[in-house]
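Reproduced below: model_7.txt, with compact mmCIF, C-alpha atoms and all ligand atoms.
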```
# COMPACT_ATOMS: atom_id res chain seq x y z
CA MET Q 11 0.00 0.00 0.00
CA VAL Q 12 2.80 2.35 0.90
CA TYR Q 13 4.56 1.65 -2.37
CA LEU Q 14 1.48 2.26 -4.45
CA ARG Q 15 1.00 5.66 -2.81
CA PHE Q 16 4.66 6.32 -3.51
CA TRP Q 17 4.18 5.35 -7.15
CA HIS Q 18 1.26 7.73 -7.47
CA SER Q 19 3.02 10.63 -5.75
CA VAL Q 20 6.42 10.30 -7.37
CA ILE Q 21 5.95 8.51 -10.65
CA ALA Q 22 2.49 9.59 -11.67
CA PRO Q 23 1.55 12.80 -9.83
CA VAL Q 24 -1.38 13.15 -12.22
CA ILE Q 25 -3.26 11.28 -9.49
CA ALA Q 26 -3.96 14.67 -7.92
CA GLU Q 27 -6.62 15.10 -10.59
CA CYS Q 28 -7.93 11.59 -10.24
CA TYR Q 29 -11.70 11.49 -10.35
CA CYS Q 30 -11.62 7.95 -8.99
CA LYS Q 31 -10.63 9.19 -5.55
CA LYS Q 32 -13.90 10.87 -4.66
CA ASN Q 33 -14.99 8.13 -2.31
CA VAL Q 34 -12.35 5.50 -2.56
CA ALA Q 35 -8.88 5.55 -1.10
CA ILE Q 36 -6.12 4.21 -3.28
CA GLN Q 37 -5.35 0.86 -1.80
CA ALA Q 38 -3.52 -2.28 -2.64
CA ASN Q 39 -2.50 -5.43 -0.97
CA LEU Q 40 0.80 -5.81 -2.73
CA SER Q 41 1.62 -9.14 -1.16
CA SER Q 42 -1.14 -10.54 -3.36
CA MET Q 43 -1.01 -7.80 -5.99
CA ILE Q 44 -4.57 -6.56 -5.62
CA VAL Q 45 -4.27 -3.13 -7.20
CA GLU Q 46 -6.70 -0.32 -7.92
CA ILE Q 47 -6.14 1.20 -11.34
CA PRO Q 48 -7.65 4.69 -11.50
CA ASN Q 49 -8.55 6.64 -14.65
CA VAL Q 50 -8.77 3.79 -17.15
CA PHE Q 51 -11.62 5.64 -18.85
CA THR Q 52 -12.52 9.33 -18.62
CA PRO Q 53 -16.03 10.21 -17.37
CA SER Q 54 -17.13 11.09 -20.92
CA ALA Q 55 -15.84 7.76 -22.28
CA VAL Q 56 -17.77 5.90 -19.55
CA GLU Q 57 -20.92 7.89 -20.36
CA ASP Q 58 -20.58 6.98 -24.04
CA ILE Q 59 -20.02 3.27 -23.25
CA LEU Q 60 -23.01 3.14 -20.89
CA ASP Q 61 -25.18 4.82 -23.53
CA LYS Q 62 -24.20 2.19 -26.12
CA LEU Q 63 -24.64 -0.70 -23.68
CA SER Q 64 -28.09 0.54 -22.64
CA LYS Q 65 -29.28 -0.01 -26.24
CA ALA Q 66 -27.69 -3.47 -26.57
CA GLU Q 67 -29.18 -6.91 -26.03
CA PHE Q 68 -27.91 -8.84 -23.00
CA ILE Q 69 -27.96 -12.62 -22.48
CA ASP Q 70 -27.80 -14.91 -19.47
CA GLY Q 71 -24.28 -14.83 -18.00
CA LYS Q 72 -24.35 -18.57 -17.25
CA LYS Q 73 -23.48 -19.20 -20.91
CA THR Q 74 -19.79 -18.38 -20.39
CA ALA Q 75 -19.33 -19.74 -16.86
CA GLY Q 76 -17.43 -22.95 -16.13
CA TRP Q 77 -19.52 -25.99 -15.16
CA ASN Q 78 -19.36 -25.27 -11.41
CA ALA Q 79 -19.37 -21.46 -11.51
CA ARG Q 80 -22.63 -21.77 -13.48
CA GLU Q 81 -24.27 -22.87 -10.24
CA VAL Q 82 -23.62 -19.49 -8.61
CA LYS Q 83 -23.53 -17.07 -11.55
CA ASN Q 84 -26.63 -14.93 -11.88
CA ASN Q 85 -26.07 -11.91 -14.12
CA GLN Q 86 -26.40 -10.77 -17.71
CA GLN Q 87 -23.82 -10.01 -20.34
CA LEU Q 88 -23.37 -8.79 -23.87
CA LYS Q 89 -22.98 -11.60 -26.45
CA ALA Q 90 -19.30 -12.01 -27.27
CA ASP Q 91 -19.91 -11.77 -31.04
CA ASP Q 92 -22.05 -8.63 -30.78
CA PRO Q 93 -20.31 -5.94 -32.90
CA LEU Q 94 -20.53 -3.61 -29.90
CA ALA Q 95 -18.66 -6.15 -27.73
CA ILE Q 96 -15.95 -6.40 -30.37
CA ALA Q 97 -15.60 -2.60 -30.61
CA LEU Q 98 -15.60 -2.14 -26.83
CA LYS Q 99 -13.00 -4.87 -26.45
CA THR Q 100 -10.61 -2.94 -28.68
CA GLN Q 101 -11.39 0.31 -26.86
CA THR Q 102 -10.72 -1.31 -23.47
CA GLN Q 103 -7.50 -3.02 -24.62
CA THR Q 104 -6.25 0.32 -25.97
CA ALA Q 105 -7.08 2.17 -22.75
CA LEU Q 106 -5.29 -0.44 -20.64
CA SER Q 107 -2.27 -0.50 -22.93
CA GLN Q 108 -1.93 3.26 -22.33
CA ASN Q 109 -2.35 2.99 -18.54
CA ALA Q 110 1.10 3.10 -16.93
CA LEU Q 111 0.02 1.62 -13.58
CA PHE Q 112 -1.77 -1.30 -15.25
CA GLN Q 113 1.30 -1.98 -17.38
CA ALA Q 114 3.66 -1.77 -14.38
CA THR Q 115 1.65 -4.02 -12.07
CA VAL Q 116 -0.03 -6.50 -14.45
CA ARG Q 117 2.59 -6.73 -17.26
CA PRO Q 118 0.01 -7.98 -19.75
CA LYS Q 119 1.08 -10.31 -22.53
CA GLU Q 120 -2.50 -10.59 -23.78
CA ILE Q 121 -5.78 -9.16 -22.54
CA HIS Q 122 -7.53 -12.13 -24.05
CA THR Q 123 -11.07 -12.22 -22.70
CA LEU Q 124 -13.51 -9.42 -21.90
CA LEU Q 125 -17.13 -9.57 -20.77
CA PHE Q 126 -19.59 -6.71 -20.46
CA SER Q 127 -21.77 -7.55 -17.49
CA ARG Q 128 -24.93 -6.22 -15.91
CA TYR Q 129 -26.38 -7.06 -12.51
CA GLU Q 130 -29.94 -6.01 -11.70
CA VAL Q 131 -31.59 -6.15 -8.27
CA GLY Q 132 -31.27 -9.63 -6.76
CA MET Q 133 -28.45 -10.71 -9.07
CA SER Q 134 -25.08 -11.84 -7.76
CA TYR Q 135 -22.14 -14.09 -8.56
CA GLY Q 136 -21.35 -16.46 -5.69
CA THR Q 137 -17.90 -17.57 -4.61
CA HIS Q 138 -15.90 -19.11 -7.44
CA THR Q 139 -12.47 -19.24 -8.99
CA ASP Q 140 -11.88 -18.27 -12.61
CA ASN Q 141 -10.99 -20.86 -15.24
CA ALA Q 142 -7.22 -21.28 -15.60
CA MET Q 143 -7.35 -21.52 -19.40
CA MET Q 144 -9.56 -19.38 -21.61
CA ALA Q 145 -10.30 -18.72 -25.25
CA GLY Q 146 -8.66 -22.02 -26.17
CA ARG Q 147 -5.04 -21.10 -25.52
CA TRP Q 148 -4.61 -18.33 -22.96
CA ARG Q 149 -3.86 -18.64 -19.25
CA SER Q 150 -5.66 -16.37 -16.81
CA ASP Q 151 -3.09 -14.83 -14.44
CA VAL Q 152 -4.85 -11.56 -13.63
CA SER Q 153 -8.56 -10.81 -13.49
CA PHE Q 154 -9.95 -7.30 -13.44
CA THR Q 155 -13.24 -5.50 -12.98
CA LEU Q 156 -13.62 -2.09 -14.59
CA PHE Q 157 -16.56 -0.35 -12.93
CA LEU Q 158 -18.90 1.58 -15.22
CA THR Q 159 -21.95 2.68 -13.22
CA PRO Q 160 -21.20 5.21 -10.43
CA PRO Q 161 -21.29 3.52 -6.99
CA GLU Q 162 -23.89 5.98 -5.72
CA THR Q 163 -26.42 4.68 -8.28
CA TYR Q 164 -26.67 1.16 -6.82
CA THR Q 165 -26.33 -0.63 -3.50
CA GLY Q 166 -24.71 -4.00 -2.89
CA GLY Q 167 -22.68 -5.44 -5.73
CA GLU Q 168 -19.32 -5.38 -3.99
CA LEU Q 169 -16.56 -7.39 -5.60
CA VAL Q 170 -15.26 -9.42 -2.66
CA ILE Q 171 -11.85 -11.09 -2.88
CA GLU Q 172 -11.41 -13.82 -0.30
CA GLY Q 173 -8.00 -14.21 1.33
CA GLN Q 174 -6.64 -16.78 3.78
CA SER Q 175 -7.59 -14.72 6.82
CA HIS Q 176 -9.77 -11.86 5.61
CA GLU Q 177 -11.83 -10.52 2.72
CA GLN Q 178 -11.42 -7.30 0.78
CA SER Q 179 -14.39 -5.72 -0.92
CA PHE Q 180 -14.43 -3.15 -3.70
CA ARG Q 181 -16.98 -0.81 -5.22
CA LEU Q 182 -14.99 1.67 -7.26
CA GLU Q 183 -15.82 4.89 -9.05
CA SER Q 184 -16.83 4.56 -12.69
CA GLY Q 185 -13.86 4.36 -15.04
CA CYS Q 186 -11.65 2.72 -12.39
CA ALA Q 187 -10.54 -0.92 -12.27
CA ILE Q 188 -9.41 -3.43 -9.68
CA ALA Q 189 -6.87 -6.00 -10.84
CA TYR Q 190 -6.28 -9.15 -8.78
CA PRO Q 191 -4.78 -12.62 -9.18
CA SER Q 192 -7.11 -14.97 -11.06
CA SER Q 193 -6.09 -17.66 -8.57
CA THR Q 194 -8.24 -16.16 -5.79
CA LEU Q 195 -11.73 -17.14 -4.67
CA HIS Q 196 -14.00 -14.14 -5.23
CA ARG Q 197 -17.65 -13.18 -5.57
CA VAL Q 198 -20.04 -10.34 -6.39
CA ASP Q 199 -22.49 -9.67 -3.59
CA PRO Q 200 -26.21 -9.31 -4.42
CA ILE Q 201 -27.46 -6.01 -5.82
CA THR Q 202 -30.08 -4.53 -3.51
CA ALA Q 203 -30.96 -1.39 -5.52
CA GLY Q 204 -30.14 0.04 -8.94
CA SER Q 205 -27.98 -1.83 -11.40
CA ARG Q 206 -24.27 -2.50 -11.66
CA TRP Q 207 -22.58 -2.43 -15.06
CA ALA Q 208 -18.96 -3.42 -15.42
CA ILE Q 209 -16.34 -4.72 -17.79
CA VAL Q 210 -14.59 -7.83 -16.51
CA GLY Q 211 -11.45 -9.16 -18.13
CA TRP Q 212 -8.67 -11.73 -17.96
CA VAL Q 213 -5.03 -11.30 -18.74
CA GLN Q 214 -2.13 -13.62 -19.41
CA SER Q 215 0.83 -11.83 -17.87
CA TRP Q 216 4.44 -12.04 -19.01
CA ILE Q 217 5.09 -12.80 -15.34
CA ARG Q 218 2.95 -15.66 -14.09
CA ASP Q 219 3.73 -15.37 -10.36
CA PRO Q 220 2.17 -12.39 -8.49
CA ALA Q 221 5.11 -12.33 -6.05
CA ASN Q 222 7.50 -11.84 -8.97
CA ARG Q 223 5.28 -9.11 -10.43
CA GLU Q 224 5.44 -7.40 -7.06
CA ILE Q 225 9.28 -7.47 -7.02
CA LEU Q 226 9.43 -6.05 -10.54
CA PHE Q 227 6.92 -3.32 -9.71
CA GLU Q 228 8.88 -2.24 -6.65
CA LEU Q 229 12.20 -2.21 -8.47
CA ASP Q 230 10.62 -0.27 -11.33
CA THR Q 231 9.13 2.26 -8.91
CA ALA Q 232 12.47 2.68 -7.12
CA ARG Q 233 14.48 3.17 -10.32
CA ARG Q 234 12.02 5.69 -11.72
CA SER Q 235 12.18 7.64 -8.46
CA ILE Q 236 15.98 7.62 -8.57
CA PHE Q 237 15.87 8.76 -12.20
CA ASN Q 238 13.55 11.63 -11.24
CA SER Q 239 15.82 12.83 -8.45
CA GLN Q 240 19.32 11.96 -9.72
CA GLY Q 241 19.01 11.40 -13.44
CA LYS Q 242 20.74 8.44 -15.01
CA SER Q 243 23.04 7.70 -12.07
CA THR Q 244 25.06 4.56 -11.37
CA GLU Q 245 22.41 3.53 -8.82
CA PHE Q 246 19.76 3.88 -11.51
CA ASP Q 247 21.80 1.77 -13.91
CA LEU Q 248 22.33 -1.02 -11.36
CA ILE Q 249 18.68 -1.24 -10.34
CA SER Q 250 17.66 -1.10 -14.01
CA LYS Q 251 20.08 -3.93 -14.76
CA SER Q 252 18.66 -6.08 -11.95
CA MET Q 253 15.08 -5.34 -12.95
CA THR Q 254 15.54 -6.07 -16.63
CA ASN Q 255 17.55 -9.22 -15.91
CA LEU Q 256 14.81 -10.52 -13.62
CA LEU Q 257 12.32 -9.73 -16.37
CA ARG Q 258 14.42 -11.79 -18.81
CA ARG Q 259 14.63 -14.61 -16.29
CA TRP Q 260 10.93 -14.73 -15.41
CA SER Q 261 9.08 -13.71 -18.56
CA GLU Q 262 7.25 -16.45 -20.42
NI NI I 301 -14.61 -14.51 -11.41
```

How would this structure read if it were set down as structure tokens?
Amino acid sequence: MVYLRFWHSVIAPVIAECYCKKNVAIQANLSSMIVEIPNVFTPSAVEDILDKLSKAEFIDGKKTAGWNAREVKNNQQLKADDPLAIALKTQTQTALSQNALFQATVRPKEIHTLLFSRYEVGMSYGTHTDNAMMAGRWRSDVSFTLFLTPPETYTGGELVIEGQSHEQSFRLESGCAIAYPSSTLHRVDPITAGSRWAIVGWVQSWIRDPANREILFELDTARRSIFNSQGKSTEFDLISKSMTNLLRRWSE
């Protein structure tokens, strides 16, 4: 958590203008690499996406759930071959490829699967783990939820990530995402008022192990900070060398 604040203050001071911080503190549990990614979409981009989605046809979400997750999945989603889903997939991939924090913490090789989901009152997605392999050939290392509807327009609908000793729940501002290891058990609590629209996605990372992603993120943050204060010093060169050599060693 400390390091993520440091990253925002030193590496990306643009956070001062972050519209995702209205109600939600920047937080992360870096030991498991659960990271909030602010500002993936601007408010006007979210408004445009919600407008398009409101005119689209949604289907039962059970259609894309694994055989056991189907038991607990109760939501709706855009059909994967809907032209709107295809266009929004490209738009989301582009936004995430331009987001420095997402790149630094997730290290995406391929953002291979995206779903556009809608939960109305009474809908939920019970505890489950995501499929390890998706779309025929991609591994899921990182899952993310990109919140679209503002949290003040619905109640319930928290994304809850279950840990060994405690749970963390998230209801972020629209346009902001939470990225977390696909290996976790997680759920979406029932909606009690309004409706919750979100983009959920799965990523194969260049770095499979979250602990290794954490080491790379911290080294990257440290070297960027040194570069900001000292320029291209010997210390910067040595940390850069270690970081890039670990990346060579671990990337797959
Ligand atoms: Ni899931």

Checklist line | d(CA of Ala221 in chain Q, CA of Tyr135 in chain Q) in Å | finding: 27.4 Å

Next item on the list: Please provide as a ChimeraX atom specification all residues within 6 Å of Trp216 in chain Q, with the sequence filter that same-chain residues fewer than 3 positions apart are discarded (counting all atoms listed in the file).
Entry: /Q:117,119,261-262

Write to file, as a PDB file, keeping the file's coordinate frame, the residues of the selection just made, with C-alpha atoms.
```
ATOM      1  CA  ARG Q 117       2.590  -6.730 -17.260  1.00  0.00           C
ATOM      2  CA  LYS Q 119       1.080 -10.310 -22.530  1.00  0.00           C
ATOM      3  CA  SER Q 261       9.080 -13.710 -18.560  1.00  0.00           C
ATOM      4  CA  GLU Q 262       7.250 -16.450 -20.420  1.00  0.00           C
TER       5      GLU Q 262
END
```

Note to self: Between CA of Asn78 in chain Q and CA of Leu94 in chain Q, what distance in Å does the model show, to one decimal?
What the structure shows: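 Separating CA of Asn78 in chain Q from CA of Leu94 in chain Q is a distance of 28.5 Å.
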
Checklist line | Test item: residues no farther than 7 Å from ligand NI 301 (chain I), counting all atoms listed in the file, as JSON, numbers by chain | finding: {"Q": [138, 139, 140, 196, 197]}

Notebook entry, point to check: Rounded to one decimal in Å, what is the spacing between CA of Gln113 in chain Q and CA of Gly185 in chain Q?
Noted result: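 Taking CA of Gln113 in chain Q and CA of Gly185 in chain Q, their separation equals 16.6 Å.
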
Output range 179-208 of chain Q with N, CA and C atoms present, as a CSV table (one decimal), keeping the file's coordinate frame.
```csv
chain,number,residue,atom,x,y,z
Q,179,SER,N,-13.3,-6.0,0.0
Q,179,SER,CA,-14.4,-5.7,-0.9
Q,179,SER,C,-14.2,-4.4,-1.6
Q,180,PHE,N,-14.7,-4.3,-2.8
Q,180,PHE,CA,-14.4,-3.2,-3.7
Q,180,PHE,C,-15.7,-2.7,-4.4
Q,181,ARG,N,-15.9,-1.4,-4.4
Q,181,ARG,CA,-17.0,-0.8,-5.2
Q,181,ARG,C,-16.4,0.5,-5.7
Q,182,LEU,N,-15.8,0.5,-6.8
Q,182,LEU,CA,-15.0,1.7,-7.3
Q,182,LEU,C,-15.8,2.7,-8.1
Q,183,GLU,N,-15.2,3.9,-8.2
Q,183,GLU,CA,-15.8,4.9,-9.0
Q,183,GLU,C,-15.8,4.4,-10.5
Q,184,SER,N,-16.8,5.0,-11.3
Q,184,SER,CA,-16.8,4.6,-12.7
Q,184,SER,C,-15.5,5.0,-13.4
Q,185,GLY,N,-15.1,4.1,-14.3
Q,185,GLY,CA,-13.9,4.4,-15.0
Q,185,GLY,C,-12.6,3.8,-14.4
Q,186,CYS,N,-12.8,3.3,-13.1
Q,186,CYS,CA,-11.6,2.7,-12.4
Q,186,CYS,C,-11.7,1.2,-12.3
Q,187,ALA,N,-10.6,0.6,-12.2
Q,187,ALA,CA,-10.5,-0.9,-12.3
Q,187,ALA,C,-9.8,-1.5,-11.0
Q,188,ILE,N,-10.2,-2.7,-10.7
Q,188,ILE,CA,-9.4,-3.4,-9.7
Q,188,ILE,C,-8.8,-4.7,-10.4
Q,189,ALA,N,-7.5,-4.8,-10.3
Q,189,ALA,CA,-6.9,-6.0,-10.8
Q,189,ALA,C,-6.4,-6.9,-9.7
Q,190,TYR,N,-6.6,-8.2,-9.9
Q,190,TYR,CA,-6.3,-9.2,-8.8
Q,190,TYR,C,-5.9,-10.5,-9.4
Q,191,PRO,N,-5.2,-11.3,-8.6
Q,191,PRO,CA,-4.8,-12.6,-9.2
Q,191,PRO,C,-6.0,-13.5,-9.5
Q,192,SER,N,-6.0,-14.1,-10.7
Q,192,SER,CA,-7.1,-15.0,-11.1
Q,192,SER,C,-7.2,-16.2,-10.2
Q,193,SER,N,-6.2,-16.5,-9.4
Q,193,SER,CA,-6.1,-17.7,-8.6
Q,193,SER,C,-6.9,-17.5,-7.3
Q,194,THR,N,-7.5,-16.4,-7.0
Q,194,THR,CA,-8.2,-16.2,-5.8
Q,194,THR,C,-9.7,-16.7,-5.9
Q,195,LEU,N,-10.3,-17.0,-4.7
Q,195,LEU,CA,-11.7,-17.1,-4.7
Q,195,LEU,C,-12.3,-15.7,-4.5
Q,196,HIS,N,-13.4,-15.5,-5.3
Q,196,HIS,CA,-14.0,-14.1,-5.2
Q,196,HIS,C,-15.5,-14.2,-5.6
Q,197,ARG,N,-16.2,-13.2,-5.3
Q,197,ARG,CA,-17.6,-13.2,-5.6
Q,197,ARG,C,-18.1,-11.8,-5.8
Q,198,VAL,N,-19.4,-11.6,-6.3
Q,198,VAL,CA,-20.0,-10.3,-6.4
Q,198,VAL,C,-21.3,-10.4,-5.5
Q,199,ASP,N,-21.4,-9.6,-4.5
Q,199,ASP,CA,-22.5,-9.7,-3.6
Q,199,ASP,C,-23.8,-9.2,-4.3
Q,200,PRO,N,-24.9,-9.6,-3.8
Q,200,PRO,CA,-26.2,-9.3,-4.4
Q,200,PRO,C,-26.4,-7.8,-4.5
Q,201,ILE,N,-27.1,-7.4,-5.6
Q,201,ILE,CA,-27.5,-6.0,-5.8
Q,201,ILE,C,-28.8,-5.8,-5.1
Q,202,THR,N,-28.8,-4.8,-4.3
Q,202,THR,CA,-30.1,-4.5,-3.5
Q,202,THR,C,-30.9,-3.3,-4.0
Q,203,ALA,N,-30.2,-2.5,-4.9
Q,203,ALA,CA,-31.0,-1.4,-5.5
Q,203,ALA,C,-30.1,-0.9,-6.7
Q,204,GLY,N,-30.8,-0.4,-7.8
Q,204,GLY,CA,-30.1,0.0,-8.9
Q,204,GLY,C,-29.6,-1.1,-9.8
Q,205,SER,N,-28.6,-0.8,-10.6
Q,205,SER,CA,-28.0,-1.8,-11.4
Q,205,SER,C,-26.5,-1.5,-11.5
Q,206,ARG,N,-25.7,-2.6,-11.6
Q,206,ARG,CA,-24.3,-2.5,-11.7
Q,206,ARG,C,-23.8,-3.0,-13.0
Q,207,TRP,N,-23.1,-2.1,-13.8
Q,207,TRP,CA,-22.6,-2.4,-15.1
Q,207,TRP,C,-21.1,-2.4,-15.0
Q,208,ALA,N,-20.4,-3.4,-15.5
Q,208,ALA,CA,-19.0,-3.4,-15.4
Q,208,ALA,C,-18.4,-4.2,-16.6
```
